[in-house]
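Structure first, commentary second.
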Amino acid sequence: MQRTARDIARLVKGELSGNPQQAVTGLAGIREAAPGDITFLASPKYQSAVKATRASVLIAGKDLAVSFPGTLIRVEDPAAAFAKLVEQVAPRPVTYKSGIHPKAVVASSAKLGKGVSVQPHAVIEDGAVIGDRTVVGAGSHIGQECCIGADCLLYSQVSLRERTTLGDRVILHSGVVLGADGFGFETVEGRHKKIPQVGSVQIGDDVEIGANTTIDRGRFGRTRVGNGTKIDNLVQIGHNCVIGEHGIICGLVGIAGSTIIGNHVTIAGQAGIAGHLTIGDKSIIMAQAGVTKDVPAGSVMLGAPAVPHKEFKRVNAAIQRLPETLAKIHELELQLAELRARLTAVS
């Protein structure tokens, strides 16, 4: 990358102050930036980082008070402006040549659409159907009777068990496992007996699932993920769960079986949700929350066990004052004991 600050200001339609000829050779975060880099400031909470940054050019909001010794470019939306700049200079996306690699194994009964790319050591089993322009990454396994839509991208080492269904434009990152058996056992005469898991997994359109995430097949029916939902790395979704549309599920979340998650729900990192619950539409489950009861639509839950976040804050504030509260109680106890002693002496 080699551009001037003036060129970048024109690209992002910003107002420039400072040296318009300042050379920009790279992009970086505000803390990692070196001389010659351009960075951005989107939130006032990073104001302190501006003083320490070594960046030569800073993109900041028009109304944000900032003191920066280098060249400054002011825009309405710094994050969007920086993203636009990244798109201009980022390496071209990796592309995959259509066709079946000689080292891939594709069953004769499998049906592949136009422009499908099957990478080395991928295995596609009997009865699988793969839509147009879909990529099956190296070492991936597509089980019997799976159905994959058009324009999907399965990175390396993705595993789809039998009868798993993907919509169109689904992205599965490396290590994703869809359709493994649900964790279902009954105790019979002191031993754990496996309950057959004969259902499937159904993924809607425009879903993206992060690396090493697992979604178990239904016991009899389907485990479902709705259109547009985005799931982070290392998430576990149990059998027979129903995940609504356009949700966000962050890393290390665990959702036990038969739970229903509504539409537009956000579940933050390391949250855990017990089984057979219902989480209402547009709810937010905050980081490390442990949900043990149904959650009404529009709720914001925090804590373990999870409670409405305002209640959690009040309880937490009281806990923080606990040492002072205990000291005050001890003082009152001493005063009460002294008062009782006086009353006893008078009587």
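By order of appearance in the structure tokens: chains A, B, ..., then residues from 1 within every chain, and ligands from 1 in the order shown.
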Go through region 158-336 of chain A and collect every residue that DSSP, computed from the backbone, puts in strand (DSSP E); the answer should be as a PDB file with C-alpha atoms, in the first residue's frame.
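And here is the file that came out, selection_17.pdb:
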```pdb
ATOM      1  CA  SER A 159     -18.098 -32.648   8.706  1.00  0.00           C
ATOM      2  CA  LEU A 160     -21.766 -33.022   7.819  1.00  0.00           C
ATOM      3  CA  THR A 165     -29.420 -29.701   5.098  1.00  0.00           C
ATOM      4  CA  LEU A 166     -27.831 -26.331   4.308  1.00  0.00           C
ATOM      5  CA  ILE A 171     -20.366 -20.389   5.330  1.00  0.00           C
ATOM      6  CA  LEU A 172     -18.905 -23.131   7.532  1.00  0.00           C
ATOM      7  CA  VAL A 177     -19.449 -30.579  12.827  1.00  0.00           C
ATOM      8  CA  LEU A 178     -23.156 -30.642  11.990  1.00  0.00           C
ATOM      9  CA  GLY A 179     -25.384 -33.590  12.760  1.00  0.00           C
ATOM     10  CA  ALA A 180     -23.386 -35.522  15.355  1.00  0.00           C
ATOM     11  CA  PHE A 185     -28.793 -41.481  27.475  1.00  0.00           C
ATOM     12  CA  GLU A 186     -31.100 -43.276  29.887  1.00  0.00           C
ATOM     13  CA  THR A 187     -29.910 -44.975  33.053  1.00  0.00           C
ATOM     14  CA  VAL A 188     -31.021 -48.612  33.060  1.00  0.00           C
ATOM     15  CA  ARG A 191     -25.776 -48.227  33.300  1.00  0.00           C
ATOM     16  CA  HIS A 192     -26.098 -45.511  30.666  1.00  0.00           C
ATOM     17  CA  LYS A 193     -28.046 -46.730  27.656  1.00  0.00           C
ATOM     18  CA  LYS A 194     -27.816 -44.712  24.449  1.00  0.00           C
ATOM     19  CA  SER A 200     -31.237 -34.205  11.368  1.00  0.00           C
ATOM     20  CA  VAL A 201     -29.871 -30.652  11.270  1.00  0.00           C
ATOM     21  CA  GLN A 202     -31.325 -27.909   9.069  1.00  0.00           C
ATOM     22  CA  ILE A 203     -29.409 -24.666   8.459  1.00  0.00           C
ATOM     23  CA  GLU A 208     -22.249 -18.402   9.056  1.00  0.00           C
ATOM     24  CA  ILE A 209     -20.833 -20.847  11.604  1.00  0.00           C
ATOM     25  CA  THR A 214     -20.910 -28.296  16.790  1.00  0.00           C
ATOM     26  CA  ILE A 215     -24.659 -28.646  16.280  1.00  0.00           C
ATOM     27  CA  ASP A 216     -26.219 -31.979  17.230  1.00  0.00           C
ATOM     28  CA  ARG A 222     -34.675 -31.494  13.356  1.00  0.00           C
ATOM     29  CA  THR A 223     -32.267 -29.157  15.066  1.00  0.00           C
ATOM     30  CA  ARG A 224     -32.740 -25.880  13.175  1.00  0.00           C
ATOM     31  CA  VAL A 225     -30.855 -22.603  12.674  1.00  0.00           C
ATOM     32  CA  LYS A 230     -24.225 -15.823  12.750  1.00  0.00           C
ATOM     33  CA  ILE A 231     -22.502 -18.248  15.125  1.00  0.00           C
ATOM     34  CA  GLN A 236     -22.231 -26.131  21.225  1.00  0.00           C
ATOM     35  CA  ILE A 237     -25.905 -26.419  20.290  1.00  0.00           C
ATOM     36  CA  VAL A 242     -34.495 -24.222  17.358  1.00  0.00           C
ATOM     37  CA  ILE A 243     -32.417 -21.106  16.745  1.00  0.00           C
ATOM     38  CA  ILE A 248     -25.804 -13.529  17.046  1.00  0.00           C
ATOM     39  CA  ILE A 249     -24.220 -16.298  19.118  1.00  0.00           C
ATOM     40  CA  GLY A 254     -23.458 -23.697  25.232  1.00  0.00           C
ATOM     41  CA  ILE A 255     -27.154 -24.303  24.527  1.00  0.00           C
ATOM     42  CA  ILE A 260     -36.003 -22.460  21.513  1.00  0.00           C
ATOM     43  CA  ILE A 261     -34.180 -19.207  20.731  1.00  0.00           C
ATOM     44  CA  THR A 266     -27.888 -11.914  20.959  1.00  0.00           C
ATOM     45  CA  ILE A 267     -26.042 -14.408  23.165  1.00  0.00           C
ATOM     46  CA  GLY A 272     -24.842 -21.111  29.093  1.00  0.00           C
ATOM     47  CA  ILE A 273     -28.522 -21.890  28.491  1.00  0.00           C
ATOM     48  CA  THR A 278     -37.656 -20.465  25.484  1.00  0.00           C
ATOM     49  CA  ILE A 279     -35.678 -17.263  24.882  1.00  0.00           C
ATOM     50  CA  ILE A 284     -29.805 -10.164  24.987  1.00  0.00           C
ATOM     51  CA  ILE A 285     -28.023 -12.784  27.084  1.00  0.00           C
ATOM     52  CA  GLY A 290     -26.301 -18.826  33.144  1.00  0.00           C
ATOM     53  CA  VAL A 291     -29.920 -19.024  31.989  1.00  0.00           C
ATOM     54  CA  VAL A 300     -31.467  -8.265  28.919  1.00  0.00           C
ATOM     55  CA  MET A 301     -30.133 -10.984  31.218  1.00  0.00           C
ATOM     56  CA  LEU A 302     -26.942 -11.128  33.257  1.00  0.00           C
ATOM     57  CA  VAL A 307     -31.607 -12.220  36.127  1.00  0.00           C
ATOM     58  CA  PRO A 308     -32.613  -8.950  34.416  1.00  0.00           C
TER      59      PRO A 308
END
```
With only C-alpha atoms as the counted atoms, please give the residues lying no more than 6 Å from His173 (chain A), apart from itself and same-chain residues fewer than 6 positions off, as a list in words.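 Result of the neighbour search: Tyr155, Gly210 and Ala211 of chain A.
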Please list as a ChimeraX atom specification every residue within 12 Å of Glu76 (chain A), counting only C-alpha atoms and excluding residues in the same chain fewer than 5 positions away. /A:12-15,41-42,59-64,81-82
Quick one: pull the distance between CA of Val116 (chain A) and CA of His101 (chain A), Å, one decimal.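 Going from CA of Val116 (chain A) over to CA of His101 (chain A), I get 10.9 Å.
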Within 12 Å of Ser140 (chain A), counting only C-alpha atoms, which residues qualify if same-chain residues fewer than 6 places away don't, as a PDB file with C-alpha atoms, in the first residue's frame?
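Output (selection04.pdb):
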```pdb
ATOM      1  CA  ALA A 104     -11.375 -36.272  -3.748  1.00  0.00           C
ATOM      2  CA  VAL A 105     -13.877 -39.137  -3.394  1.00  0.00           C
ATOM      3  CA  VAL A 106     -17.371 -38.517  -4.757  1.00  0.00           C
ATOM      4  CA  VAL A 118     -14.470 -30.209  -4.483  1.00  0.00           C
ATOM      5  CA  GLN A 119     -11.030 -29.854  -2.927  1.00  0.00           C
ATOM      6  CA  PRO A 120      -8.403 -32.562  -2.206  1.00  0.00           C
ATOM      7  CA  HIS A 121      -9.320 -35.437   0.138  1.00  0.00           C
ATOM      8  CA  ALA A 122     -12.944 -34.329   0.451  1.00  0.00           C
ATOM      9  CA  VAL A 123     -15.453 -37.188   0.638  1.00  0.00           C
ATOM     10  CA  ILE A 124     -19.025 -36.904  -0.649  1.00  0.00           C
ATOM     11  CA  GLU A 125     -21.248 -39.861   0.194  1.00  0.00           C
ATOM     12  CA  LEU A 153     -18.443 -22.183   1.270  1.00  0.00           C
ATOM     13  CA  LEU A 154     -17.259 -25.087   3.395  1.00  0.00           C
ATOM     14  CA  TYR A 155     -13.678 -24.587   4.516  1.00  0.00           C
ATOM     15  CA  SER A 156     -11.338 -27.488   5.232  1.00  0.00           C
ATOM     16  CA  GLN A 157     -12.219 -30.278   7.669  1.00  0.00           C
ATOM     17  CA  VAL A 158     -15.960 -29.622   7.838  1.00  0.00           C
ATOM     18  CA  SER A 159     -18.098 -32.648   8.706  1.00  0.00           C
ATOM     19  CA  LEU A 160     -21.766 -33.022   7.819  1.00  0.00           C
ATOM     20  CA  ARG A 161     -23.414 -36.150   9.110  1.00  0.00           C
ATOM     21  CA  LEU A 172     -18.905 -23.131   7.532  1.00  0.00           C
ATOM     22  CA  HIS A 173     -15.426 -22.584   8.947  1.00  0.00           C
ATOM     23  CA  SER A 174     -12.872 -25.289   9.579  1.00  0.00           C
ATOM     24  CA  GLY A 175     -13.754 -27.923  12.144  1.00  0.00           C
ATOM     25  CA  VAL A 176     -17.519 -27.384  12.080  1.00  0.00           C
ATOM     26  CA  VAL A 177     -19.449 -30.579  12.827  1.00  0.00           C
ATOM     27  CA  LEU A 178     -23.156 -30.642  11.990  1.00  0.00           C
TER      28      LEU A 178
END
```
So that I can see what lies close to Ser56 (chain A), please list as a VMD selection string the residues with an atom at most 8 Å from it, counting only C-alpha atoms and leaving out residues fewer than 5 positions away in the same chain. chain A and resid 22 24 34 to 38 70 to 71
Those residues with C-alpha atoms, as a CSV table (one decimal), in the first residue's frame please?
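Dumped to out-v4.csv:
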```
chain,number,residue,atom,x,y,z
A,22,GLN,CA,1.7,12.3,4.3
A,24,VAL,CA,0.5,6.0,4.1
A,34,ALA,CA,3.6,2.2,13.5
A,35,PRO,CA,4.9,5.3,11.6
A,36,GLY,CA,3.4,5.3,8.1
A,37,ASP,CA,0.2,3.6,9.2
A,38,ILE,CA,-3.3,4.9,9.2
A,70,GLY,CA,-0.3,13.8,12.9
A,71,THR,CA,-2.6,14.2,9.9
```
Can you tell me how far CA of Asp151 (chain A) sits from CA of Asp132 (chain A), in Å to one decimal?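 Value for the CA of Asp151 (chain A)-CA of Asp132 (chain A) distance: 6.2 Å.
Between Ser299 (chain A) and the candidates A:Gly275, A:Lys328, A:His264, A:Val235, the tightest atom-to-atom separation, counting only C-alpha atoms, involves A:His264.
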Which residue gives the smallest distance to Gly29 (chain A) among A:Pro44, A:Val86, A:Gly137, A:Val66, with only C-alpha atoms counted?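 Closest candidate: A:Val86.
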Shortest interatomic distance to Ala107 (chain A) - which of A:Gly226, A:Gly143, A:Gly199, A:Gly244, counting only C-alpha atoms: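 Of A:Gly226, A:Gly143, A:Gly199, A:Gly244, the one nearest Ala107 (chain A), counting only C-alpha atoms, is A:Gly143.
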Can you pull out every residue within 7 Å of Ala287 (chain A), counting only C-alpha atoms, but drop anything in the same chain fewer than 6 positions away, and send it as a PyMOL selection string? chain A and resi 268-271
Hey, can you check how far CA of Ala110 (chain A) sits from CA of Ile130 (chain A)? 8.0 Å
